[in-house]
>>> print(open('run18.cif').read())   # mmCIF, C-alpha atoms
data_structure
loop_
_atom_site.group_PDB
_atom_site.id
_atom_site.type_symbol
_atom_site.label_atom_id
_atom_site.label_comp_id
_atom_site.auth_asym_id
_atom_site.auth_seq_id
_atom_site.Cartn_x
_atom_site.Cartn_y
_atom_site.Cartn_z
ATOM 1 C CA MET A 1 4.987 -5.704 36.872
ATOM 2 C CA LEU A 2 3.462 -3.511 34.169
ATOM 3 C CA GLN A 3 5.166 -0.430 35.612
ATOM 4 C CA LEU A 4 8.538 -2.203 35.492
ATOM 5 C CA LEU A 5 8.009 -2.969 31.823
ATOM 6 C CA ILE A 6 7.031 0.642 31.145
ATOM 7 C CA ASP A 7 10.097 1.944 32.975
ATOM 8 C CA TYR A 8 12.691 -0.498 31.643
ATOM 9 C CA ALA A 9 11.483 -2.818 28.861
ATOM 10 C CA ILE A 10 10.072 -0.102 26.595
ATOM 11 C CA PRO A 11 13.272 2.010 26.624
ATOM 12 C CA ALA A 12 15.432 -1.094 26.114
ATOM 13 C CA GLY A 13 13.262 -2.342 23.258
ATOM 14 C CA LEU A 14 13.211 1.056 21.564
ATOM 15 C CA PHE A 15 16.988 1.459 21.892
ATOM 16 C CA LEU A 16 17.616 -1.920 20.259
ATOM 17 C CA LEU A 17 15.100 -1.343 17.467
ATOM 18 C CA MET A 18 16.545 2.054 16.592
ATOM 19 C CA LEU A 19 20.097 0.676 16.784
ATOM 20 C CA ILE A 20 19.114 -1.970 14.242
ATOM 21 C CA ALA A 21 17.327 0.605 12.091
ATOM 22 C CA GLY A 22 20.541 2.623 12.025
ATOM 23 C CA THR A 23 22.508 -0.351 10.711
ATOM 24 C CA GLU A 24 20.425 -0.203 7.528
ATOM 25 C CA VAL A 25 21.820 3.242 6.673
ATOM 26 C CA ARG A 26 24.814 3.436 4.337
ATOM 27 C CA ILE A 27 26.584 6.628 3.262
ATOM 28 C CA ALA A 28 26.436 5.558 -0.384
ATOM 29 C CA ASP A 29 22.691 4.958 -0.055
ATOM 30 C CA VAL A 30 22.139 8.458 1.308
ATOM 31 C CA ARG A 31 23.729 9.909 -1.829
ATOM 32 C CA LYS A 32 21.444 7.836 -4.057
ATOM 33 C CA VAL A 33 18.242 8.856 -2.266
ATOM 34 C CA ALA A 34 19.311 12.514 -2.334
ATOM 35 C CA ALA A 35 18.446 12.381 -6.029
ATOM 36 C CA THR A 36 14.730 12.144 -5.089
ATOM 37 C CA PRO A 37 14.338 15.000 -2.577
ATOM 38 C CA ARG A 38 10.590 15.446 -3.111
ATOM 39 C CA ALA A 39 9.770 11.855 -2.187
ATOM 40 C CA LEU A 40 12.100 12.004 0.817
ATOM 41 C CA ALA A 41 10.549 15.243 2.088
ATOM 42 C CA LEU A 42 6.940 14.126 1.591
ATOM 43 C CA GLY A 43 7.613 10.748 3.151
ATOM 44 C CA SER A 44 9.281 12.176 6.248
ATOM 45 C CA ILE A 45 8.216 15.686 7.251
ATOM 46 C CA GLY A 46 4.982 15.450 5.248
ATOM 47 C CA GLN A 47 3.586 12.517 7.201
ATOM 48 C CA LEU A 48 4.790 13.872 10.553
ATOM 49 C CA LEU A 49 2.771 17.046 9.980
ATOM 50 C CA ALA A 50 -0.274 15.525 8.276
ATOM 51 C CA LEU A 51 -1.017 12.424 10.345
ATOM 52 C CA PRO A 52 -1.682 14.215 13.679
ATOM 53 C CA MET A 53 -4.192 16.416 11.854
ATOM 54 C CA ILE A 54 -5.830 13.323 10.397
ATOM 55 C CA ALA A 55 -6.029 11.755 13.863
ATOM 56 C CA LEU A 56 -7.773 14.873 15.177
ATOM 57 C CA LEU A 57 -10.199 14.797 12.242
ATOM 58 C CA ILE A 58 -11.072 11.140 12.877
ATOM 59 C CA GLN A 59 -11.476 11.917 16.570
ATOM 60 C CA ALA A 60 -13.993 14.657 15.785
ATOM 61 C CA LEU A 61 -15.959 12.731 13.152
ATOM 62 C CA ALA A 62 -16.080 9.397 14.994
ATOM 63 C CA GLN A 63 -16.638 10.963 18.435
ATOM 64 C CA LEU A 64 -14.088 8.710 20.093
ATOM 65 C CA SER A 65 -13.697 8.378 23.842
ATOM 66 C CA GLN A 66 -10.885 10.438 25.343
ATOM 67 C CA VAL A 67 -8.489 7.554 25.965
ATOM 68 C CA VAL A 68 -8.889 6.109 22.448
ATOM 69 C CA ALA A 69 -8.640 9.557 20.849
ATOM 70 C CA THR A 70 -5.457 10.335 22.783
ATOM 71 C CA SER A 71 -4.042 6.912 21.907
ATOM 72 C CA MET A 72 -4.563 7.592 18.203
ATOM 73 C CA LEU A 73 -2.994 11.040 18.460
ATOM 74 C CA ILE A 74 0.112 9.683 20.180
ATOM 75 C CA LEU A 75 0.408 6.990 17.521
ATOM 76 C CA ALA A 76 0.089 9.632 14.778
ATOM 77 C CA LEU A 77 2.944 11.627 16.310
ATOM 78 C CA ALA A 78 5.321 8.655 16.134
ATOM 79 C CA PRO A 79 7.575 8.363 13.076
ATOM 80 C CA GLY A 80 7.383 5.449 10.666
ATOM 81 C CA GLY A 81 8.397 2.006 11.859
ATOM 82 C CA GLY A 82 11.246 -0.079 10.500
ATOM 83 C CA ILE A 83 8.847 -2.817 9.400
ATOM 84 C CA SER A 84 7.883 -0.551 6.488
ATOM 85 C CA ASN A 85 11.174 -1.600 4.885
ATOM 86 C CA TYR A 86 9.944 -5.191 4.887
ATOM 87 C CA TYR A 87 6.605 -4.117 3.408
ATOM 88 C CA SER A 88 8.505 -2.352 0.621
ATOM 89 C CA TYR A 89 10.502 -5.513 0.003
ATOM 90 C CA VAL A 90 7.298 -7.562 -0.317
ATOM 91 C CA ALA A 91 5.906 -4.906 -2.675
ATOM 92 C CA ARG A 92 9.059 -5.169 -4.812
ATOM 93 C CA CYS A 93 9.598 -1.433 -4.716
ATOM 94 C CA ASN A 94 12.358 0.915 -3.528
ATOM 95 C CA VAL A 95 13.516 -0.511 -0.179
ATOM 96 C CA LEU A 96 16.395 1.973 -0.068
ATOM 97 C CA LEU A 97 14.013 4.933 -0.276
ATOM 98 C CA SER A 98 11.857 3.364 2.435
ATOM 99 C CA ALA A 99 14.842 3.014 4.777
ATOM 100 C CA MET A 100 15.942 6.607 4.184
ATOM 101 C CA ILE A 101 12.426 7.956 4.802
ATOM 102 C CA THR A 102 12.234 5.992 8.063
ATOM 103 C CA THR A 103 15.599 7.382 9.161
ATOM 104 C CA SER A 104 14.771 10.973 8.179
ATOM 105 C CA ALA A 105 11.377 10.859 9.894
ATOM 106 C CA THR A 106 12.971 9.491 13.055
ATOM 107 C CA LEU A 107 15.446 12.384 13.205
ATOM 108 C CA LEU A 108 12.748 14.968 12.446
ATOM 109 C CA ALA A 109 10.459 13.505 15.125
ATOM 110 C CA LEU A 110 12.921 14.789 17.707
ATOM 111 C CA VAL A 111 11.565 18.239 16.798
ATOM 112 C CA THR A 112 7.955 17.563 15.772
ATOM 113 C CA ILE A 113 6.858 15.466 18.774
ATOM 114 C CA PRO A 114 7.967 17.822 21.589
ATOM 115 C CA SER A 115 6.776 20.840 19.577
ATOM 116 C CA PHE A 116 3.284 19.422 19.064
ATOM 117 C CA ILE A 117 2.894 18.365 22.698
ATOM 118 C CA SER A 118 4.201 21.714 23.932
ATOM 119 C CA LEU A 119 1.892 23.735 21.659
ATOM 120 C CA PHE A 120 -1.256 21.639 22.191
ATOM 121 C CA PRO A 121 -1.109 19.975 25.642
ATOM 122 C CA ASP A 122 -4.898 20.118 26.073
ATOM 123 C CA LEU A 123 -5.375 17.736 23.144
ATOM 124 C CA PHE A 124 -3.960 14.900 25.231
ATOM 125 C CA GLY A 125 -6.719 15.019 27.812
ATOM 126 C CA GLN A 126 -4.267 14.890 30.734
ATOM 127 C CA THR A 127 -2.968 18.434 30.773
ATOM 128 C CA GLN A 128 -1.389 18.232 34.222
ATOM 129 C CA ARG A 129 0.842 15.281 33.340
ATOM 130 C CA VAL A 130 1.882 16.872 30.052
ATOM 131 C CA GLN A 131 2.667 20.277 31.528
ATOM 132 C CA GLU A 132 4.706 19.131 34.516
ATOM 133 C CA GLY A 133 8.011 18.847 32.708
ATOM 134 C CA ALA A 134 6.868 16.025 30.427
ATOM 135 C CA VAL A 135 7.961 17.831 27.259
ATOM 136 C CA ARG A 136 11.549 18.071 28.514
ATOM 137 C CA ILE A 137 11.456 14.415 29.533
ATOM 138 C CA ILE A 138 10.105 13.407 26.123
ATOM 139 C CA LEU A 139 12.781 15.421 24.323
ATOM 140 C CA ALA A 140 15.565 13.869 26.393
ATOM 141 C CA GLN A 141 14.244 10.320 26.026
ATOM 142 C CA LEU A 142 13.677 10.667 22.282
ATOM 143 C CA PHE A 143 17.263 11.786 21.830
ATOM 144 C CA LEU A 144 18.776 9.100 24.069
ATOM 145 C CA LEU A 145 16.566 6.207 22.967
ATOM 146 C CA MET A 146 15.688 7.073 19.368
ATOM 147 C CA VAL A 147 18.210 9.393 17.720
ATOM 148 C CA MET A 148 21.413 8.350 19.496
ATOM 149 C CA PRO A 149 21.066 4.581 18.835
ATOM 150 C CA LEU A 150 20.085 5.352 15.242
ATOM 151 C CA LEU A 151 23.344 7.261 14.745
ATOM 152 C CA ILE A 152 25.356 4.584 16.570
ATOM 153 C CA GLY A 153 23.817 1.926 14.338
ATOM 154 C CA ALA A 154 24.738 3.882 11.221
ATOM 155 C CA LEU A 155 28.337 4.222 12.425
ATOM 156 C CA LEU A 156 28.531 0.500 13.206
ATOM 157 C CA ALA A 157 27.103 -0.436 9.809
ATOM 158 C CA ASN A 158 29.705 1.617 7.991
ATOM 159 C CA GLY A 159 32.609 0.678 10.275
ATOM 160 C CA PHE A 160 31.885 -2.949 11.201
ATOM 161 C CA PRO A 161 29.535 -4.431 8.574
ATOM 162 C CA THR A 162 30.484 -8.062 9.377
ATOM 163 C CA ILE A 163 29.559 -7.770 13.061
ATOM 164 C CA VAL A 164 26.297 -6.020 12.210
ATOM 165 C CA LYS A 165 25.343 -8.772 9.793
ATOM 166 C CA LYS A 166 26.153 -11.466 12.377
ATOM 167 C CA TYR A 167 24.170 -10.100 15.342
ATOM 168 C CA GLY A 168 21.494 -7.922 13.715
ATOM 169 C CA THR A 169 18.839 -10.643 13.465
ATOM 170 C CA SER A 170 19.235 -11.702 17.116
ATOM 171 C CA LEU A 171 18.991 -8.135 18.396
ATOM 172 C CA ARG A 172 15.870 -7.506 16.327
ATOM 173 C CA ALA A 173 14.225 -10.652 17.728
ATOM 174 C CA ILE A 174 15.005 -9.642 21.330
ATOM 175 C CA SER A 175 13.691 -6.098 20.916
ATOM 176 C CA ASN A 176 10.522 -7.280 19.185
ATOM 177 C CA LEU A 177 9.959 -9.805 21.981
ATOM 178 C CA LEU A 178 10.190 -7.029 24.574
ATOM 179 C CA VAL A 179 7.616 -4.906 22.759
ATOM 180 C CA LEU A 180 5.284 -7.889 22.297
ATOM 181 C CA SER A 181 5.567 -8.756 26.011
ATOM 182 C CA ILE A 182 4.562 -5.233 27.002
ATOM 183 C CA LEU A 183 1.547 -5.234 24.707
ATOM 184 C CA LEU A 184 0.339 -8.669 25.819
ATOM 185 C CA LEU A 185 0.779 -7.919 29.524
ATOM 186 C CA ALA A 186 -1.080 -4.631 29.123
ATOM 187 C CA ILE A 187 -3.988 -6.398 27.425
ATOM 188 C CA TRP A 188 -4.038 -9.043 30.159
ATOM 189 C CA THR A 189 -4.281 -6.416 32.910
ATOM 190 C CA THR A 190 -7.173 -4.607 31.224
ATOM 191 C CA TYR A 191 -8.949 -7.655 29.762
ATOM 192 C CA PRO A 192 -12.078 -7.413 31.983
ATOM 193 C CA THR A 193 -12.896 -3.941 30.615
ATOM 194 C CA LEU A 194 -11.455 -4.283 27.125
ATOM 195 C CA GLY A 195 -14.561 -5.940 25.699
ATOM 196 C CA SER A 196 -16.641 -2.774 25.831
ATOM 197 C CA LEU A 197 -13.904 -0.728 24.143
ATOM 198 C CA LEU A 198 -12.870 -3.257 21.507
ATOM 199 C CA PRO A 199 -15.382 -2.192 18.792
ATOM 200 C CA GLU A 200 -14.336 1.450 19.184
ATOM 201 C CA ILE A 201 -10.628 0.570 19.201
ATOM 202 C CA LEU A 202 -10.982 -1.619 16.111
ATOM 203 C CA SER A 203 -12.939 0.964 14.116
ATOM 204 C CA ALA A 204 -10.510 3.731 15.112
ATOM 205 C CA ALA A 205 -7.512 1.613 14.092
ATOM 206 C CA ILE A 206 -9.035 0.772 10.709
ATOM 207 C CA LEU A 207 -9.957 4.397 10.022
ATOM 208 C CA PHE A 208 -6.466 5.599 10.889
ATOM 209 C CA VAL A 209 -4.642 3.007 8.773
ATOM 210 C CA VAL A 210 -6.838 3.683 5.735
ATOM 211 C CA ALA A 211 -6.588 7.469 6.127
ATOM 212 C CA ALA A 212 -2.808 7.295 6.589
ATOM 213 C CA MET A 213 -2.387 5.162 3.472
ATOM 214 C CA LEU A 214 -4.590 7.552 1.496
ATOM 215 C CA THR A 215 -2.385 10.426 2.678
ATOM 216 C CA GLY A 216 0.691 8.666 1.326
ATOM 217 C CA TRP A 217 -1.090 8.017 -1.971
ATOM 218 C CA LEU A 218 -1.993 11.710 -2.284
ATOM 219 C CA PHE A 219 1.571 12.726 -1.433
ATOM 220 C CA GLY A 220 2.741 10.522 -4.295
ATOM 221 C CA ALA A 221 0.707 12.324 -6.956
ATOM 222 C CA GLY A 222 2.914 12.968 -9.976
ATOM 223 C CA LEU A 223 5.602 10.500 -8.860
ATOM 224 C CA ASN A 224 6.209 7.094 -10.417
ATOM 225 C CA ASP A 225 4.297 4.058 -9.155
ATOM 226 C CA ASP A 226 7.292 2.618 -7.322
ATOM 227 C CA VAL A 227 7.865 5.760 -5.256
ATOM 228 C CA ARG A 228 4.159 6.306 -4.666
ATOM 229 C CA THR A 229 3.827 2.810 -3.231
ATOM 230 C CA VAL A 230 6.694 3.484 -0.835
ATOM 231 C CA LEU A 231 4.937 6.646 0.378
ATOM 232 C CA VAL A 232 1.711 4.704 0.967
ATOM 233 C CA LEU A 233 3.539 2.050 2.984
ATOM 234 C CA GLU A 234 5.549 4.600 4.967
ATOM 235 C CA SER A 235 2.508 6.707 5.872
ATOM 236 C CA GLY A 236 0.507 3.689 6.988
ATOM 237 C CA THR A 237 3.243 2.327 9.263
ATOM 238 C CA ARG A 238 3.985 3.770 12.711
ATOM 239 C CA ASN A 239 6.765 3.062 15.197
ATOM 240 C CA ILE A 240 4.981 1.198 18.010
ATOM 241 C CA SER A 241 7.991 1.426 20.341
ATOM 242 C CA VAL A 242 8.140 5.225 20.119
ATOM 243 C CA ALA A 243 4.386 5.397 20.696
ATOM 244 C CA LEU A 244 4.752 3.172 23.772
ATOM 245 C CA LEU A 245 7.471 5.453 25.120
ATOM 246 C CA LEU A 246 5.260 8.528 24.691
ATOM 247 C CA GLY A 247 2.243 6.757 26.151
ATOM 248 C CA GLY A 248 4.218 5.744 29.218
ATOM 249 C CA ILE A 249 4.834 9.441 29.907
ATOM 250 C CA VAL A 250 1.410 10.847 29.006
ATOM 251 C CA PHE A 251 -0.900 8.137 30.404
ATOM 252 C CA ASP A 252 -1.325 7.092 34.021
ATOM 253 C CA THR A 253 -1.149 3.400 34.963
ATOM 254 C CA LYS A 254 -4.943 3.076 34.754
ATOM 255 C CA SER A 255 -5.191 4.301 31.159
ATOM 256 C CA PHE A 256 -1.944 2.849 29.819
ATOM 257 C CA PRO A 257 -3.285 -0.720 29.374
ATOM 258 C CA VAL A 258 -6.104 0.619 27.190
ATOM 259 C CA PHE A 259 -3.520 2.546 25.172
ATOM 260 C CA ALA A 260 -1.409 -0.588 24.739
ATOM 261 C CA SER A 261 -4.522 -2.490 23.665
ATOM 262 C CA PHE A 262 -5.180 0.152 21.020
ATOM 263 C CA LEU A 263 -1.612 -0.214 19.735
ATOM 264 C CA THR A 264 -1.959 -3.995 19.590
ATOM 265 C CA VAL A 265 -5.190 -3.839 17.585
ATOM 266 C CA TYR A 266 -3.724 -1.124 15.368
ATOM 267 C CA PHE A 267 -0.623 -3.189 14.659
ATOM 268 C CA ALA A 268 -2.732 -6.219 13.720
ATOM 269 C CA VAL A 269 -4.787 -4.062 11.329
ATOM 270 C CA GLU A 270 -1.632 -2.458 9.926
ATOM 271 C CA LEU A 271 0.120 -5.788 9.409
ATOM 272 C CA ILE A 272 -2.801 -7.405 7.583
ATOM 273 C CA THR A 273 -3.598 -4.345 5.472
ATOM 274 C CA MET A 274 -0.009 -3.581 4.515
ATOM 275 C CA LEU A 275 0.879 -7.145 3.600
ATOM 276 C CA ILE A 276 -2.205 -7.465 1.390
ATOM 277 C CA TYR A 277 -1.440 -4.141 -0.287
ATOM 278 C CA ALA A 278 2.284 -4.867 -0.615
ATOM 279 C CA ARG A 279 1.753 -8.369 -1.947
ATOM 280 C CA GLY A 280 -0.766 -7.084 -4.470
ATOM 281 C CA HIS A 281 1.703 -4.505 -5.752
ATOM 282 C CA GLY A 282 4.521 -7.038 -5.782
ATOM 283 C CA ARG A 283 2.391 -9.421 -7.811
ATOM 284 C CA ARG A 284 1.643 -6.712 -10.362
ATOM 285 C CA VAL A 285 5.360 -5.967 -10.667
ATOM 286 C CA GLU A 286 6.113 -9.654 -11.216
ATOM 287 C CA LEU A 287 3.436 -9.930 -13.896
ATOM 288 C CA SER A 288 4.716 -6.770 -15.565
ATOM 289 C CA CYS A 289 8.284 -8.096 -15.591
ATOM 290 C CA GLY A 290 7.090 -11.404 -16.989
ATOM 291 C CA THR A 291 5.195 -9.667 -19.779
ATOM 292 C CA SER A 292 8.218 -7.514 -20.631
ATOM 293 C CA GLU A 293 10.482 -10.568 -20.845
ATOM 294 C CA ARG A 294 8.079 -12.352 -23.206
ATOM 295 C CA ASP A 295 7.876 -9.269 -25.411
#
>>> encode(input="run18.cif", output="C-alpha cells")
Amino acid sequence: MLQLLIDYAIPAGLFLLMLIAGTEVRIADVRKVAATPRALALGSIGQLLALPMIALLIQALAQLSQVVATSMLILALAPGGGISNYYSYVARCNVLLSAMITTSATLLALVTIPSFISLFPDLFGQTQRVQEGAVRIILAQLFLLMVMPLLIGALLANGFPTIVKKYGTSLRAISNLLVLSILLLAIWTTYPTLGSLLPEILSAAILFVVAAMLTGWLFGAGLNDDVRTVLVLESGTRNISVALLLGGIVFDTKSFPVFASFLTVYFAVELITMLIYARGHGRRVELSCGTSERD
C-alpha cells in the first residue's frame, strides 16, 4: 500500500499543488516584483544554496543518524512551499513577493536539486541508489511534476481566471489530503520503531526551522521590515511534496517511513513556529497602523 502511494499519490499530489501554485502568478505581478530584484534573488537562489549547507552543518554538530541526516538534507534541497504565501498573509506583509519567490525558487530547483545530488551523491548515504540513473529520473520528474504544472497554472490563471477561482480551493484540498495520507500511512507503518527516533527527529526539525529562519533574517539585512519578514517566512518553509518525491527515489522502502515521519514532525514544527512568528508580526503591523491613524 505504501509503495502504491509513493508511486502514484505523491506525483499526483505534487502536480496538483504546483498547478495551484501557478495560478497565483500574474504577469502584472511579475512586473511589480521585478522592482525588488535583491529580495527576489536572496529569497529564491539564496535559500536554495544556503539551506543544504546549513543542513550539513546541523548534521555534523548534532551527530544525527544517517537516515535523519539524509532526511534533513533532502528537505533542505526542496524549494519553498506554497503555504508560505498564507504565512505572509497572516503576517500582513508582501504576499505578492512571497508568491514570486516561491515560483522563482521552484523553477531554479530544477537546476539546483539534480546538480547537488550529482555532485555529492555520497552525502545521501545510499550511493548506489543515487548513482544508478536517479539523477536523470529526478530531473525528469521535477520538470513533469513541478515546473510543467506551475507553468500550466500560470497560463490558466491569466487565460481563465473565473475557472481558476471556482475550482482552485477544491484542488488544493484534494492535493493536501493526498500528501497527508502518505505521511500518516508512513508513520503507521513505522510506529513500532519511531519511538526511539522521535527525540532525534524532533530536535533536528527544530534546529533546521530555527536555522532556516535565521538565514532569511540575515538575507534581509538592509531591507525594509516587510521584505525581511517575507524572507524569514520563505526560508523557513519547505515544499513537503517535492521532498516526498525526492525521498521516494533516494530511500528504500525500509527507510522511507522514517523519512516521512521526519517530514511530518518538521511540518508540525514549521506550522506552529511560522504562525506564531507571522501572527506576532501581523499584530505589530496592526498596532502600528492604529497608532498612525490616531496621530
>>> resolve_selection(input="run18.cif", expression="the PyMOL selection byres ((chain A and resi 21) around 8)", output="list in words")
Leu17, Met18, Leu19, Ile20, Gly22, Thr23, Glu24, Val25, Gly82, Thr103, Leu150 and Gly153 of chain A
>>> write_last_selection(input="run18.cif", atoms="C-alpha atoms", output="short mmCIF file (atom, residue, chain, number, x, y, z; two decimals), in the frame of the given file")
data_model
loop_
_atom_site.label_atom_id
_atom_site.label_comp_id
_atom_site.auth_asym_id
_atom_site.auth_seq_id
_atom_site.Cartn_x
_atom_site.Cartn_y
_atom_site.Cartn_z
CA LEU A 17 15.10 -1.34 17.47
CA MET A 18 16.55 2.05 16.59
CA LEU A 19 20.10 0.68 16.78
CA ILE A 20 19.11 -1.97 14.24
CA GLY A 22 20.54 2.62 12.02
CA THR A 23 22.51 -0.35 10.71
CA GLU A 24 20.42 -0.20 7.53
CA VAL A 25 21.82 3.24 6.67
CA GLY A 82 11.25 -0.08 10.50
CA THR A 103 15.60 7.38 9.16
CA LEU A 150 20.08 5.35 15.24
CA GLY A 153 23.82 1.93 14.34
#
>>> atom_distance(input="run18.cif", atom1="CA of Leu110 (chain A)", atom2="CA of Ala154 (chain A)")
17.3 Å
>>> closest_residue(input="run18.cif", among="A:Leu123, A:Val68, A:Ala50, A:Leu97", to="Leu198 (chain A)", atoms="all atoms listed in the file")
A:Val68
>>> resolve_selection(input="run18.cif", expression="the PyMOL selection byres ((chain A and resi 66) around 12)", output="ChimeraX atom specification")
/A:56,59-60,62-65,67-73,122-126,197,200-201,251,255,258-259
>>> residues_around(input="run18.cif", residues="region 234-243 of chain A", least_positions_apart="4", cutoff="9 Å", atoms="only C-alpha atoms", output="MDAnalysis selection string")
chainID A and resid 10:11 13:14 17 43:44 47:48 51 71 74:85 87:88 98 101:102 142 145:146 179 208:217 229:230 247:248 263:264 267 270:271 274
>>> atom_distance(input="run18.cif", atom1="CA of Leu184 (chain A)", atom2="CA of Tyr86 (chain A)")
23.3 Å
>>> atom_distance(input="run18.cif", atom1="CA of Phe262 (chain A)", atom2="CA of Ala109 (chain A)")
21.4 Å
>>> closest_residue(input="run18.cif", among="A:Asn94, A:Leu202, A:Ile45, A:Asp225", to="Tyr266 (chain A)", atoms="all atoms listed in the file")
A:Leu202
>>> resolve_selection(input="run18.cif", expression="the PyMOL selection byres ((chain A and resi 285) around 12)", output="list in words")
Tyr89, Val90, Ala91, Arg92, Cys93, Asp225, Asp226, Thr229, Ala278, Arg279, Gly280, His281, Gly282, Arg283, Arg284, Glu286, Leu287, Ser288, Cys289, Gly290, Thr291 and Ser292 of chain A
>>> closest_residue(input="run18.cif", among="A:Leu119, A:Leu244, A:Ile138, A:Ile272", to="Pro257 (chain A)", atoms="all atoms listed in the file")
A:Leu244
>>> axis_aligned_box(input="run18.cif", around="region 144-160 of chain A", padding_each_side="3 Å", output="JSON")
{"center_x": 24.1, "center_y": 3.2, "center_z": 16.0, "size_x": 22.9, "size_y": 18.3, "size_z": 22.1}
>>> decode(input="run18.cif", residues="region 247-266 of chain A", atoms="N, CA and C atoms", output="compact mmCIF listing (two decimals), in the first residue's frame")
# COMPACT_ATOMS: atom_id res chain seq x y z
N GLY A 247 12.52 11.83 -1.76
CA GLY A 247 12.72 10.74 -0.81
C GLY A 247 12.28 9.40 -1.37
N GLY A 248 11.22 9.40 -2.17
CA GLY A 248 10.76 8.17 -2.79
C GLY A 248 11.76 7.59 -3.76
N ILE A 249 12.64 8.43 -4.30
CA ILE A 249 13.68 7.97 -5.22
C ILE A 249 14.94 7.56 -4.47
N VAL A 250 15.32 8.35 -3.48
CA VAL A 250 16.58 8.12 -2.76
C VAL A 250 16.48 7.00 -1.73
N PHE A 251 15.38 6.95 -0.97
CA PHE A 251 15.24 5.98 0.11
C PHE A 251 14.65 4.66 -0.38
N ASP A 252 15.03 3.57 0.28
CA ASP A 252 14.37 2.29 0.04
C ASP A 252 13.09 2.24 0.88
N THR A 253 12.29 1.19 0.70
CA THR A 253 11.00 1.11 1.39
C THR A 253 11.15 0.95 2.90
N LYS A 254 12.30 0.50 3.36
CA LYS A 254 12.53 0.36 4.80
C LYS A 254 12.78 1.71 5.45
N SER A 255 13.52 2.57 4.78
CA SER A 255 13.88 3.88 5.35
C SER A 255 12.85 4.96 5.06
N PHE A 256 12.06 4.78 4.01
CA PHE A 256 11.12 5.84 3.63
C PHE A 256 10.13 6.21 4.74
N PRO A 257 9.56 5.25 5.48
CA PRO A 257 8.64 5.64 6.55
C PRO A 257 9.29 6.54 7.60
N VAL A 258 10.55 6.31 7.91
CA VAL A 258 11.26 7.18 8.86
C VAL A 258 11.39 8.58 8.27
N PHE A 259 11.71 8.64 6.98
CA PHE A 259 11.81 9.92 6.29
C PHE A 259 10.48 10.67 6.33
N ALA A 260 9.39 9.96 6.05
CA ALA A 260 8.07 10.59 6.09
C ALA A 260 7.72 11.05 7.50
N SER A 261 8.16 10.30 8.50
CA SER A 261 7.93 10.71 9.89
C SER A 261 8.68 11.99 10.19
N PHE A 262 9.90 12.10 9.68
CA PHE A 262 10.68 13.32 9.87
C PHE A 262 9.95 14.51 9.24
N LEU A 263 9.43 14.32 8.03
CA LEU A 263 8.71 15.41 7.36
C LEU A 263 7.46 15.82 8.13
N THR A 264 6.77 14.84 8.71
CA THR A 264 5.56 15.14 9.47
C THR A 264 5.89 15.97 10.70
N VAL A 265 6.92 15.55 11.44
CA VAL A 265 7.33 16.30 12.63
C VAL A 265 7.82 17.68 12.23
N TYR A 266 8.62 17.74 11.16
CA TYR A 266 9.11 19.03 10.68
C TYR A 266 7.95 19.96 10.35
